Amino acid sequence: MAVLVTGGAGYIGSHMVWELLDHGEEVVVVDRLSTGFDWAVPDRAELVVGDIGDQALVEGVMKRRNVDAVIHFAGSIIVPESVADPLGYYLNNTVKSRALIESALRCGVKHFIFSSTAAVYGTPQKNPVTEDEPLQPESPYGTSKLMTEIMLRDTAAAHDFAYTALRYFNVSGADPKRRTGQSTKGATHLIKVACETATGKRPFMEVFGTDYPTPDGTCVRDYIHVSDLVNAHYLALQRLRSGGGSLIANCGYGRGYSVLEVIDAVKRVSGTDVKVVESGRRAGDAVAIVASAERCFSELGWKPVHDDLQEIVSDALRWEEILAKRNRV
Ligand code: UFG
């Protein structure tokens, strides 16, 4: 029996693979390596290079490995790119998810964990955001993920099938054991960009907007360590396997940091000055978004152990140093 991890060669997916292996699970990854890396998949997991929309391939894997659960990370994740190429996002994130869900049904796979996003809320009316807040995505990215949530909801209502959709806030950091990290090329995420600047990969970084209605004028986000995030998925898997019903849950710590606070943490932990250029607001940025993670605590029994901005930054920095030494990315 194996767990199928789609996108397992990517940032969050590769951490998930390690989490599963650490718990003694058998793992098979399907990843087309468009943004992921084959070297990010541990040898103990099987890597099948291919597209999640290729139903013959995916169903072959599901049957051959006797897959009982799918953890679905594969997809496109850059908000501005989704605005420029909405149909590309609806294809990758929605149409191919539909194919994957159908493959799961055909192969009798009853458990499905889906990588959703805080982007389904758009700009929230209030913080912290609960799962019952209005769903008003402001980008094709957010809409493409919401559409998959809806397909899962309706599929679970019609069939012997249960899912967990985890809505991620700002995922960051890297495996504390240094086995994997965020290796994405051309990264746009704040902590990665700041760490690349601290380690000399970039000469400077921009701060997008310093005139927001927040204490220091910069946007506020809820940064969650990737290892705590993948542990929530593991708990969700256990819950589904023991008969738990479908669930939607936010994944964050319930605490916000501003852009400047994050950059200060990177300066402090790295002991280097991070050159910052103040730029105008970036289109589509919500002022502040912070999770209410109560459901993750109560339903999954989630107990985060890396809820510390310094630790997140320190792990992210270490990974940048490892990448620089390997001269890979
Ligand atoms: N930022 C900078 N400079 C940078 C990079 C980011 O100032 O070089 C700022 C952004 O403007 C924003 C904050 O840092 O205010 C966080 O930006 P990120 O790009 O790291 O993350 P986002 O909050 O934009 O994106 C996250 C997830 C997305 C998800 C979105 C939902 O990464 O997948 O939240 O709001 F869609």
# chains A, B, ... in the order shown; residues from 1 in each chain; ligands from 1
$ residues_around --residues "Ile77 in chain A" --least-positions-apart "3" --cutoff "9 Å" --atoms "only C-alpha atoms" --output "list in words"
Glu81, Ser82, Tyr89, Asn93 and Tyr141 of chain A
$ write_last_selection --atoms "all heavy atoms" --output "PDB file, in the first residue's frame"
ATOM      1  N   GLU A  81       1.201  35.457 -12.315  1.00  0.00           N
ATOM      2  CA  GLU A  81       1.244  34.631 -13.528  1.00  0.00           C
ATOM      3  C   GLU A  81      -0.161  34.137 -13.880  1.00  0.00           C
ATOM      4  O   GLU A  81      -0.539  34.064 -15.049  1.00  0.00           O
ATOM      5  CB  GLU A  81       2.167  33.439 -13.248  1.00  0.00           C
ATOM      6  CG  GLU A  81       2.491  32.577 -14.433  1.00  0.00           C
ATOM      7  CD  GLU A  81       3.454  31.457 -14.029  1.00  0.00           C
ATOM      8  OE1 GLU A  81       3.009  30.472 -13.397  1.00  0.00           O
ATOM      9  OE2 GLU A  81       4.642  31.573 -14.351  1.00  0.00           O
ATOM     10  N   SER A  82      -0.961  33.854 -12.840  1.00  0.00           N
ATOM     11  CA  SER A  82      -2.324  33.367 -13.079  1.00  0.00           C
ATOM     12  C   SER A  82      -3.206  34.457 -13.675  1.00  0.00           C
ATOM     13  O   SER A  82      -4.134  34.182 -14.425  1.00  0.00           O
ATOM     14  CB  SER A  82      -2.945  32.829 -11.789  1.00  0.00           C
ATOM     15  OG  SER A  82      -3.415  33.859 -10.942  1.00  0.00           O
ATOM     16  N   TYR A  89      -3.801  28.362 -15.842  1.00  0.00           N
ATOM     17  CA  TYR A  89      -4.028  27.993 -14.439  1.00  0.00           C
ATOM     18  C   TYR A  89      -5.252  27.100 -14.288  1.00  0.00           C
ATOM     19  O   TYR A  89      -5.244  26.145 -13.510  1.00  0.00           O
ATOM     20  CB  TYR A  89      -4.102  29.253 -13.558  1.00  0.00           C
ATOM     21  CG  TYR A  89      -2.716  29.608 -13.054  1.00  0.00           C
ATOM     22  CD1 TYR A  89      -1.717  30.008 -13.953  1.00  0.00           C
ATOM     23  CD2 TYR A  89      -2.365  29.470 -11.711  1.00  0.00           C
ATOM     24  CE1 TYR A  89      -0.421  30.279 -13.517  1.00  0.00           C
ATOM     25  CE2 TYR A  89      -1.073  29.741 -11.267  1.00  0.00           C
ATOM     26  CZ  TYR A  89      -0.113  30.144 -12.173  1.00  0.00           C
ATOM     27  OH  TYR A  89       1.167  30.390 -11.733  1.00  0.00           O
ATOM     28  N   ASN A  93      -4.482  23.581 -12.685  1.00  0.00           N
ATOM     29  CA  ASN A  93      -4.968  23.446 -11.309  1.00  0.00           C
ATOM     30  C   ASN A  93      -6.376  22.864 -11.230  1.00  0.00           C
ATOM     31  O   ASN A  93      -6.693  22.201 -10.251  1.00  0.00           O
ATOM     32  CB  ASN A  93      -4.945  24.798 -10.599  1.00  0.00           C
ATOM     33  CG  ASN A  93      -3.520  25.290 -10.358  1.00  0.00           C
ATOM     34  OD1 ASN A  93      -2.557  24.603 -10.678  1.00  0.00           O
ATOM     35  ND2 ASN A  93      -3.385  26.470  -9.803  1.00  0.00           N
ATOM     36  N   TYR A 141      -5.590  32.147  -9.831  1.00  0.00           N
ATOM     37  CA  TYR A 141      -4.951  31.130  -8.974  1.00  0.00           C
ATOM     38  C   TYR A 141      -5.907  30.706  -7.854  1.00  0.00           C
ATOM     39  O   TYR A 141      -6.196  29.521  -7.674  1.00  0.00           O
ATOM     40  CB  TYR A 141      -3.642  31.682  -8.384  1.00  0.00           C
ATOM     41  CG  TYR A 141      -3.105  30.834  -7.263  1.00  0.00           C
ATOM     42  CD1 TYR A 141      -2.565  29.579  -7.517  1.00  0.00           C
ATOM     43  CD2 TYR A 141      -3.150  31.278  -5.939  1.00  0.00           C
ATOM     44  CE1 TYR A 141      -2.098  28.785  -6.476  1.00  0.00           C
ATOM     45  CE2 TYR A 141      -2.681  30.498  -4.903  1.00  0.00           C
ATOM     46  CZ  TYR A 141      -2.156  29.246  -5.180  1.00  0.00           C
ATOM     47  OH  TYR A 141      -1.699  28.469  -4.142  1.00  0.00           O
TER      48      TYR A 141
END
$ closest_atom_pairs --of "chain A" --to "ligand 1" --cutoff "6 Å" --atoms "only C-alpha atoms and all ligand atoms" --output "tab-separated table"
residue	atom	partner	partner_atom_place_in_ligand_line	distance
A:Ile77	CA	ligand 1	33 (O)	5.5
A:Val79	CA	ligand 1	36 (F)	5.9
A:Thr117	CA	ligand 1	29 (C)	5.9
A:Ala118	CA	ligand 1	31 (C)	4.9
A:Ala119	CA	ligand 1	31 (C)	3.7
A:Phe169	CA	ligand 1	34 (O)	5.8
A:Asn170	CA	ligand 1	26 (C)	5.0
A:Thr188	CA	ligand 1	19 (O)	5.4
A:His189	CA	ligand 1	20 (O)	3.3
A:Leu190	CA	ligand 1	20 (O)	3.8
A:Val193	CA	ligand 1	8 (O)	5.5
A:Met205	CA	ligand 1	8 (O)	5.6
A:Glu206	CA	ligand 1	3 (N)	4.9
A:Val207	CA	ligand 1	7 (O)	3.4
A:Phe208	CA	ligand 1	7 (O)	4.0
A:Cys219	CA	ligand 1	15 (O)	4.4
A:Val259	CA	ligand 1	14 (O)	5.3
A:Arg282	CA	ligand 1	11 (O)	5.5
A:Asp285	CA	ligand 1	15 (O)	5.8
$ write_last_selection --atoms "C-alpha atoms" --output "PDB file, in the first residue's frame"
ATOM      1  CA  ILE A  77       1.269  28.738  -7.708  1.00  0.00           C
ATOM      2  CA  VAL A  79      -0.618  34.720  -8.411  1.00  0.00           C
ATOM      3  CA  THR A 117      -4.723  28.218  -0.247  1.00  0.00           C
ATOM      4  CA  ALA A 118      -5.642  31.277   1.763  1.00  0.00           C
ATOM      5  CA  ALA A 119      -6.070  32.932  -1.646  1.00  0.00           C
ATOM      6  CA  PHE A 169      -1.155  30.637   4.632  1.00  0.00           C
ATOM      7  CA  ASN A 170       2.479  31.681   3.964  1.00  0.00           C
ATOM      8  CA  THR A 188       8.939  35.499  -5.444  1.00  0.00           C
ATOM      9  CA  HIS A 189       8.130  34.554  -1.835  1.00  0.00           C
ATOM     10  CA  LEU A 190       9.298  37.016   0.790  1.00  0.00           C
ATOM     11  CA  VAL A 193      13.845  36.404  -1.541  1.00  0.00           C
ATOM     12  CA  MET A 205      15.372  43.209  -2.542  1.00  0.00           C
ATOM     13  CA  GLU A 206      12.230  45.285  -2.864  1.00  0.00           C
ATOM     14  CA  VAL A 207       9.593  45.995  -0.254  1.00  0.00           C
ATOM     15  CA  PHE A 208       6.278  46.259  -2.040  1.00  0.00           C
ATOM     16  CA  CYS A 219       1.668  43.958   4.668  1.00  0.00           C
ATOM     17  CA  VAL A 259       7.283  42.483   5.727  1.00  0.00           C
ATOM     18  CA  ARG A 282       2.387  44.960  -5.670  1.00  0.00           C
ATOM     19  CA  ASP A 285      -1.608  42.037  -2.246  1.00  0.00           C
TER      20      ASP A 285
END
$ closest_residue --among "A:Arg326, A:Lys126, A:Arg106, A:His111" --to "Ala236 in chain A" --atoms "only C-alpha atoms"
A:His111
$ select_by_dssp --residues "range 270-314 of chain A" --states "alpha helix (DSSP H)" --output "list of chain:residue names"
A:Ser270, A:Glu294, A:Arg295, A:Cys296, A:Phe297, A:Ser298, A:Glu299, A:Leu300, A:Leu309, A:Gln310, A:Glu311, A:Ile312, A:Val313, A:Ser314
$ residues_around --residues "Leu300 in chain A" --least-positions-apart "4" --cutoff "12 Å" --atoms "only C-alpha atoms" --output "MDAnalysis selection string"
chainID A and resid 164 166 229 231:240 242 244:251 293:296 304
$ write_last_selection --atoms "C-alpha atoms" --output "PDB file, in the first residue's frame"
ATOM      1  CA  THR A 164      -9.276  17.147   3.400  1.00  0.00           C
ATOM      2  CA  LEU A 166      -5.887  22.429   3.727  1.00  0.00           C
ATOM      3  CA  LEU A 229       2.435  22.145   7.484  1.00  0.00           C
ATOM      4  CA  ASN A 231       2.718  17.240   9.636  1.00  0.00           C
ATOM      5  CA  ALA A 232      -0.865  18.583   9.417  1.00  0.00           C
ATOM      6  CA  HIS A 233      -1.201  16.588   6.188  1.00  0.00           C
ATOM      7  CA  TYR A 234       0.086  13.449   7.876  1.00  0.00           C
ATOM      8  CA  LEU A 235      -2.469  13.893  10.668  1.00  0.00           C
ATOM      9  CA  ALA A 236      -5.172  14.473   8.043  1.00  0.00           C
ATOM     10  CA  LEU A 237      -4.157  11.204   6.372  1.00  0.00           C
ATOM     11  CA  GLN A 238      -4.459   9.308   9.666  1.00  0.00           C
ATOM     12  CA  ARG A 239      -7.832  10.893  10.302  1.00  0.00           C
ATOM     13  CA  LEU A 240      -9.197   9.942   6.885  1.00  0.00           C
ATOM     14  CA  SER A 242      -9.678   6.023  10.529  1.00  0.00           C
ATOM     15  CA  GLY A 244     -12.918  10.798   9.485  1.00  0.00           C
ATOM     16  CA  GLY A 245     -15.241  12.696   7.167  1.00  0.00           C
ATOM     17  CA  SER A 246     -14.334  15.429   4.738  1.00  0.00           C
ATOM     18  CA  LEU A 247     -12.775  18.538   6.230  1.00  0.00           C
ATOM     19  CA  ILE A 248     -11.554  21.972   5.218  1.00  0.00           C
ATOM     20  CA  ALA A 249      -8.996  23.563   7.533  1.00  0.00           C
ATOM     21  CA  ASN A 250      -6.726  26.601   7.563  1.00  0.00           C
ATOM     22  CA  CYS A 251      -3.029  26.040   8.139  1.00  0.00           C
ATOM     23  CA  ALA A 293      -6.169  27.488  12.890  1.00  0.00           C
ATOM     24  CA  GLU A 294      -8.624  26.269  15.544  1.00  0.00           C
ATOM     25  CA  ARG A 295      -9.997  23.588  13.266  1.00  0.00           C
ATOM     26  CA  CYS A 296      -6.533  22.191  12.625  1.00  0.00           C
ATOM     27  CA  PRO A 304       2.965  22.839  15.702  1.00  0.00           C
TER      28      PRO A 304
END
$ residues_around --residues "Ser139 in chain A" --least-positions-apart "2" --cutoff "10 Å" --atoms "only C-alpha atoms" --output "number ranges by chain"
A: 78-84, 86, 119-120, 122, 136-137, 141-144, 284
$ residues_around --residues "Tyr90 in chain A" --least-positions-apart "2" --cutoff "10 Å" --atoms "only C-alpha atoms" --output "CSV table (one decimal) with N, CA, C and O atoms, in the first residue's frame"
chain,number,residue,atom,x,y,z
A,75,GLY,N,0.7,21.7,-9.2
A,75,GLY,CA,-0.1,22.8,-9.7
A,75,GLY,C,0.8,24.0,-9.9
A,75,GLY,O,2.0,24.0,-9.5
A,76,SER,N,0.2,25.1,-10.4
A,76,SER,CA,0.9,26.3,-10.6
A,76,SER,C,0.5,27.3,-9.5
A,76,SER,O,-0.6,27.3,-9.0
A,82,SER,N,-1.0,33.9,-12.8
A,82,SER,CA,-2.3,33.4,-13.1
A,82,SER,C,-3.2,34.5,-13.7
A,82,SER,O,-4.1,34.2,-14.4
A,85,ASP,N,-2.2,34.5,-17.3
A,85,ASP,CA,-2.5,33.3,-18.1
A,85,ASP,C,-3.6,32.4,-17.3
A,85,ASP,O,-3.4,31.3,-16.8
A,86,PRO,N,-4.8,33.0,-17.2
A,86,PRO,CA,-5.8,32.3,-16.5
A,86,PRO,C,-6.1,30.9,-17.0
A,86,PRO,O,-6.3,30.0,-16.2
A,87,LEU,N,-6.2,30.8,-18.3
A,87,LEU,CA,-6.6,29.4,-18.8
A,87,LEU,C,-5.5,28.4,-18.5
A,87,LEU,O,-5.8,27.2,-18.3
A,88,GLY,N,-4.3,28.8,-18.5
A,88,GLY,CA,-3.2,27.9,-18.2
A,88,GLY,C,-3.4,27.5,-16.7
A,88,GLY,O,-3.2,26.3,-16.4
A,92,ASN,N,-4.0,23.6,-15.5
A,92,ASN,CA,-3.1,22.9,-14.6
A,92,ASN,C,-3.8,22.6,-13.2
A,92,ASN,O,-3.6,21.5,-12.7
A,93,ASN,N,-4.5,23.6,-12.7
A,93,ASN,CA,-5.0,23.4,-11.3
A,93,ASN,C,-6.4,22.9,-11.2
A,93,ASN,O,-6.7,22.2,-10.3
A,94,THR,N,-7.2,23.1,-12.2
A,94,THR,CA,-8.6,22.7,-12.1
A,94,THR,C,-8.9,21.5,-13.0
A,94,THR,O,-9.3,20.4,-12.5
A,95,VAL,N,-8.6,21.6,-14.3
A,95,VAL,CA,-8.9,20.5,-15.2
A,95,VAL,C,-8.1,19.3,-14.8
A,95,VAL,O,-8.7,18.2,-14.8
A,96,LYS,N,-6.8,19.5,-14.5
A,96,LYS,CA,-6.0,18.3,-14.2
A,96,LYS,C,-6.4,17.7,-12.8
A,96,LYS,O,-6.2,16.5,-12.6
A,97,SER,N,-6.8,18.6,-11.9
A,97,SER,CA,-7.3,18.0,-10.6
A,97,SER,C,-8.5,17.2,-10.9
A,97,SER,O,-8.7,16.2,-10.2
A,140,PRO,N,-7.1,34.3,-10.7
A,140,PRO,CA,-7.4,33.0,-11.2
A,140,PRO,C,-6.8,31.9,-10.4
A,140,PRO,O,-7.3,30.8,-10.3
A,141,TYR,N,-5.6,32.1,-9.8
A,141,TYR,CA,-5.0,31.1,-9.0
A,141,TYR,C,-5.9,30.7,-7.9
A,141,TYR,O,-6.2,29.5,-7.7
A,143,THR,N,-9.1,31.2,-7.6
A,143,THR,CA,-10.3,30.6,-8.1
A,143,THR,C,-10.1,29.2,-8.6
A,143,THR,O,-10.9,28.3,-8.4
A,144,SER,N,-8.9,28.9,-9.2
A,144,SER,CA,-8.6,27.6,-9.7
A,144,SER,C,-8.6,26.6,-8.6
A,144,SER,O,-9.0,25.4,-8.7
A,145,LYS,N,-8.1,27.0,-7.4
A,145,LYS,CA,-8.0,26.2,-6.2
A,145,LYS,C,-9.4,26.0,-5.6
A,145,LYS,O,-9.8,24.9,-5.2
A,147,MET,N,-12.2,26.1,-7.2
A,147,MET,CA,-13.0,25.2,-8.0
A,147,MET,C,-12.7,23.7,-7.7
A,147,MET,O,-13.5,22.8,-7.8
A,148,THR,N,-11.4,23.5,-7.4
A,148,THR,CA,-11.0,22.1,-7.1
A,148,THR,C,-11.7,21.7,-5.7
A,148,THR,O,-12.2,20.6,-5.6
$ residues_around --residues "Ala288 in chain A" --least-positions-apart "6" --cutoff "10 Å" --atoms "only C-alpha atoms" --output "VMD selection string"
chain A and resid 123 to 128 212 to 214 218 to 222 256 to 258
$ atom_distance --atom1 "CA of Ala165 in chain A" --atom2 "CA of Ser116 in chain A"
5.9 Å
$ atom_distance --atom1 "CA of Ser314 in chain A" --atom2 "CA of Gly254 in chain A"
20.5 Å
$ residues_around --residues "Ser227 in chain A" --least-positions-apart "2" --cutoff "8 Å" --atoms "only C-alpha atoms" --output "VMD selection string"
chain A and resid 15 173 to 176 225 229 to 231 306
$ atom_distance --atom1 "CA of Asp264 in chain A" --atom2 "CA of Asp211 in chain A"
18.1 Å
$ select_by_dssp --residues "range 15-195 of chain A" --states "strand (DSSP E)" --output "ChimeraX atom specification"
/A:27-31,46-49,67-72,111-117,162-168,170-172
$ closest_atom_pairs --of "range 157-207 of chain A" --to "range 20-35 of chain A" --cutoff "12 Å" --atoms "only C-alpha atoms" --output "CSV"
residue,atom,partner,partner_atom,distance
A:Lys177,CA,A:Asp22,CA,11.6
A:Arg179,CA,A:Asp22,CA,12.0
A:Gln182,CA,A:Thr35,CA,11.0
A:Ser183,CA,A:Thr35,CA,9.1
A:Thr184,CA,A:Thr35,CA,6.7
A:Lys185,CA,A:Thr35,CA,7.8
A:Gly186,CA,A:Thr35,CA,10.3
A:Ala187,CA,A:Thr35,CA,10.9
$ write_last_selection --atoms "N, CA and C atoms" --output "mmCIF file, in the first residue's frame"
data_model
loop_
_atom_site.group_PDB
_atom_site.id
_atom_site.type_symbol
_atom_site.label_atom_id
_atom_site.label_comp_id
_atom_site.auth_asym_id
_atom_site.auth_seq_id
_atom_site.Cartn_x
_atom_site.Cartn_y
_atom_site.Cartn_z
ATOM 1 N N LYS A 177 16.221 18.994 9.197
ATOM 2 C CA LYS A 177 17.297 18.000 9.007
ATOM 3 C C LYS A 177 18.080 18.256 7.724
ATOM 4 N N ARG A 179 17.324 18.064 4.590
ATOM 5 C CA ARG A 179 17.217 17.105 3.494
ATOM 6 C C ARG A 179 16.570 17.703 2.262
ATOM 7 N N GLN A 182 13.275 24.953 -0.133
ATOM 8 C CA GLN A 182 12.639 25.617 -1.285
ATOM 9 C C GLN A 182 13.711 25.907 -2.329
ATOM 10 N N SER A 183 13.651 25.174 -3.432
ATOM 11 C CA SER A 183 14.721 25.261 -4.426
ATOM 12 C C SER A 183 14.267 25.958 -5.698
ATOM 13 N N THR A 184 13.008 26.390 -5.691
ATOM 14 C CA THR A 184 12.381 27.011 -6.851
ATOM 15 C C THR A 184 13.250 28.113 -7.459
ATOM 16 N N LYS A 185 13.345 28.077 -8.782
ATOM 17 C CA LYS A 185 14.079 29.150 -9.465
ATOM 18 C C LYS A 185 13.188 30.376 -9.590
ATOM 19 N N GLY A 186 13.810 31.554 -9.554
ATOM 20 C CA GLY A 186 13.055 32.799 -9.747
ATOM 21 C C GLY A 186 11.978 32.986 -8.688
ATOM 22 N N ALA A 187 12.294 32.615 -7.434
ATOM 23 C CA ALA A 187 11.290 32.661 -6.368
ATOM 24 C C ALA A 187 10.785 34.092 -6.147
#
$ closest_residue --among "A:Ile12, A:Ala316, A:Ile224, A:Leu4" --to "Arg178 in chain A" --atoms "only C-alpha atoms"
A:Ala316
$ closest_residue --among "A:Val171, A:Val17, A:Ala286, A:Ala69" --to "Asp43 in chain A" --atoms "only C-alpha atoms"
A:Val17
$ decode --residues "range 69-87 of chain A" --atoms "N, CA, C and O atoms" --output "mmCIF file, in the first residue's frame"
data_model
loop_
_atom_site.group_PDB
_atom_site.id
_atom_site.type_symbol
_atom_site.label_atom_id
_atom_site.label_comp_id
_atom_site.auth_asym_id
_atom_site.auth_seq_id
_atom_site.Cartn_x
_atom_site.Cartn_y
_atom_site.Cartn_z
ATOM 1 N N ALA A 69 -4.281 6.514 -0.761
ATOM 2 C CA ALA A 69 -4.528 7.940 -0.520
ATOM 3 C C ALA A 69 -3.700 8.775 -1.491
ATOM 4 O O ALA A 69 -2.572 8.400 -1.834
ATOM 5 N N VAL A 70 -4.286 9.892 -1.892
ATOM 6 C CA VAL A 70 -3.567 10.850 -2.746
ATOM 7 C C VAL A 70 -3.350 12.128 -1.945
ATOM 8 O O VAL A 70 -4.280 12.607 -1.281
ATOM 9 N N ILE A 71 -2.131 12.636 -1.983
ATOM 10 C CA ILE A 71 -1.875 13.976 -1.434
ATOM 11 C C ILE A 71 -1.440 14.827 -2.618
ATOM 12 O O ILE A 71 -0.408 14.567 -3.245
ATOM 13 N N HIS A 72 -2.267 15.811 -2.929
ATOM 14 C CA HIS A 72 -2.171 16.485 -4.233
ATOM 15 C C HIS A 72 -1.597 17.902 -4.111
ATOM 16 O O HIS A 72 -2.282 18.835 -3.707
ATOM 17 N N PHE A 73 -0.306 18.015 -4.480
ATOM 18 C CA PHE A 73 0.371 19.312 -4.455
ATOM 19 C C PHE A 73 0.595 19.891 -5.857
ATOM 20 O O PHE A 73 0.826 21.088 -5.982
ATOM 21 N N ALA A 74 0.618 19.026 -6.877
ATOM 22 C CA ALA A 74 1.012 19.495 -8.206
ATOM 23 C C ALA A 74 0.109 20.636 -8.654
ATOM 24 O O ALA A 74 -1.103 20.581 -8.482
ATOM 25 N N GLY A 75 0.709 21.665 -9.215
ATOM 26 C CA GLY A 75 -0.097 22.790 -9.699
ATOM 27 C C GLY A 75 0.778 24.011 -9.860
ATOM 28 O O GLY A 75 1.966 24.009 -9.517
ATOM 29 N N SER A 76 0.158 25.053 -10.388
ATOM 30 C CA SER A 76 0.868 26.316 -10.597
ATOM 31 C C SER A 76 0.510 27.256 -9.456
ATOM 32 O O SER A 76 -0.649 27.281 -9.018
ATOM 33 N N ILE A 77 1.479 28.050 -8.991
ATOM 34 C CA ILE A 77 1.269 28.738 -7.708
ATOM 35 C C ILE A 77 1.570 30.238 -7.701
ATOM 36 O O ILE A 77 1.566 30.848 -6.639
ATOM 37 N N ILE A 78 1.812 30.823 -8.864
ATOM 38 C CA ILE A 78 2.218 32.236 -8.841
ATOM 39 C C ILE A 78 1.037 33.128 -9.213
ATOM 40 O O ILE A 78 0.522 33.078 -10.339
ATOM 41 N N VAL A 79 0.603 33.933 -8.245
ATOM 42 C CA VAL A 79 -0.618 34.720 -8.411
ATOM 43 C C VAL A 79 -0.564 35.632 -9.650
ATOM 44 O O VAL A 79 -1.461 35.560 -10.503
ATOM 45 N N PRO A 80 0.459 36.489 -9.826
ATOM 46 C CA PRO A 80 0.458 37.366 -11.007
ATOM 47 C C PRO A 80 0.506 36.598 -12.322
ATOM 48 O O PRO A 80 -0.104 37.013 -13.319
ATOM 49 N N GLU A 81 1.201 35.457 -12.315
ATOM 50 C CA GLU A 81 1.244 34.631 -13.528
ATOM 51 C C GLU A 81 -0.161 34.137 -13.880
ATOM 52 O O GLU A 81 -0.539 34.064 -15.049
ATOM 53 N N SER A 82 -0.961 33.854 -12.840
ATOM 54 C CA SER A 82 -2.324 33.367 -13.079
ATOM 55 C C SER A 82 -3.206 34.457 -13.675
ATOM 56 O O SER A 82 -4.134 34.182 -14.425
ATOM 57 N N VAL A 83 -2.898 35.706 -13.326
ATOM 58 C CA VAL A 83 -3.667 36.829 -13.874
ATOM 59 C C VAL A 83 -3.347 36.964 -15.371
ATOM 60 O O VAL A 83 -4.232 37.221 -16.192
ATOM 61 N N ALA A 84 -2.079 36.733 -15.722
ATOM 62 C CA ALA A 84 -1.661 36.853 -17.123
ATOM 63 C C ALA A 84 -2.102 35.643 -17.949
ATOM 64 O O ALA A 84 -2.333 35.761 -19.149
ATOM 65 N N ASP A 85 -2.209 34.486 -17.311
ATOM 66 C CA ASP A 85 -2.511 33.255 -18.051
ATOM 67 C C ASP A 85 -3.593 32.447 -17.315
ATOM 68 O O ASP A 85 -3.360 31.344 -16.838
ATOM 69 N N PRO A 86 -4.798 32.999 -17.248
ATOM 70 C CA PRO A 86 -5.839 32.303 -16.471
ATOM 71 C C PRO A 86 -6.146 30.905 -16.992
ATOM 72 O O PRO A 86 -6.299 29.969 -16.210
ATOM 73 N N LEU A 87 -6.199 30.751 -18.325
ATOM 74 C CA LEU A 87 -6.581 29.444 -18.846
ATOM 75 C C LEU A 87 -5.508 28.397 -18.550
ATOM 76 O O LEU A 87 -5.817 27.224 -18.307
#
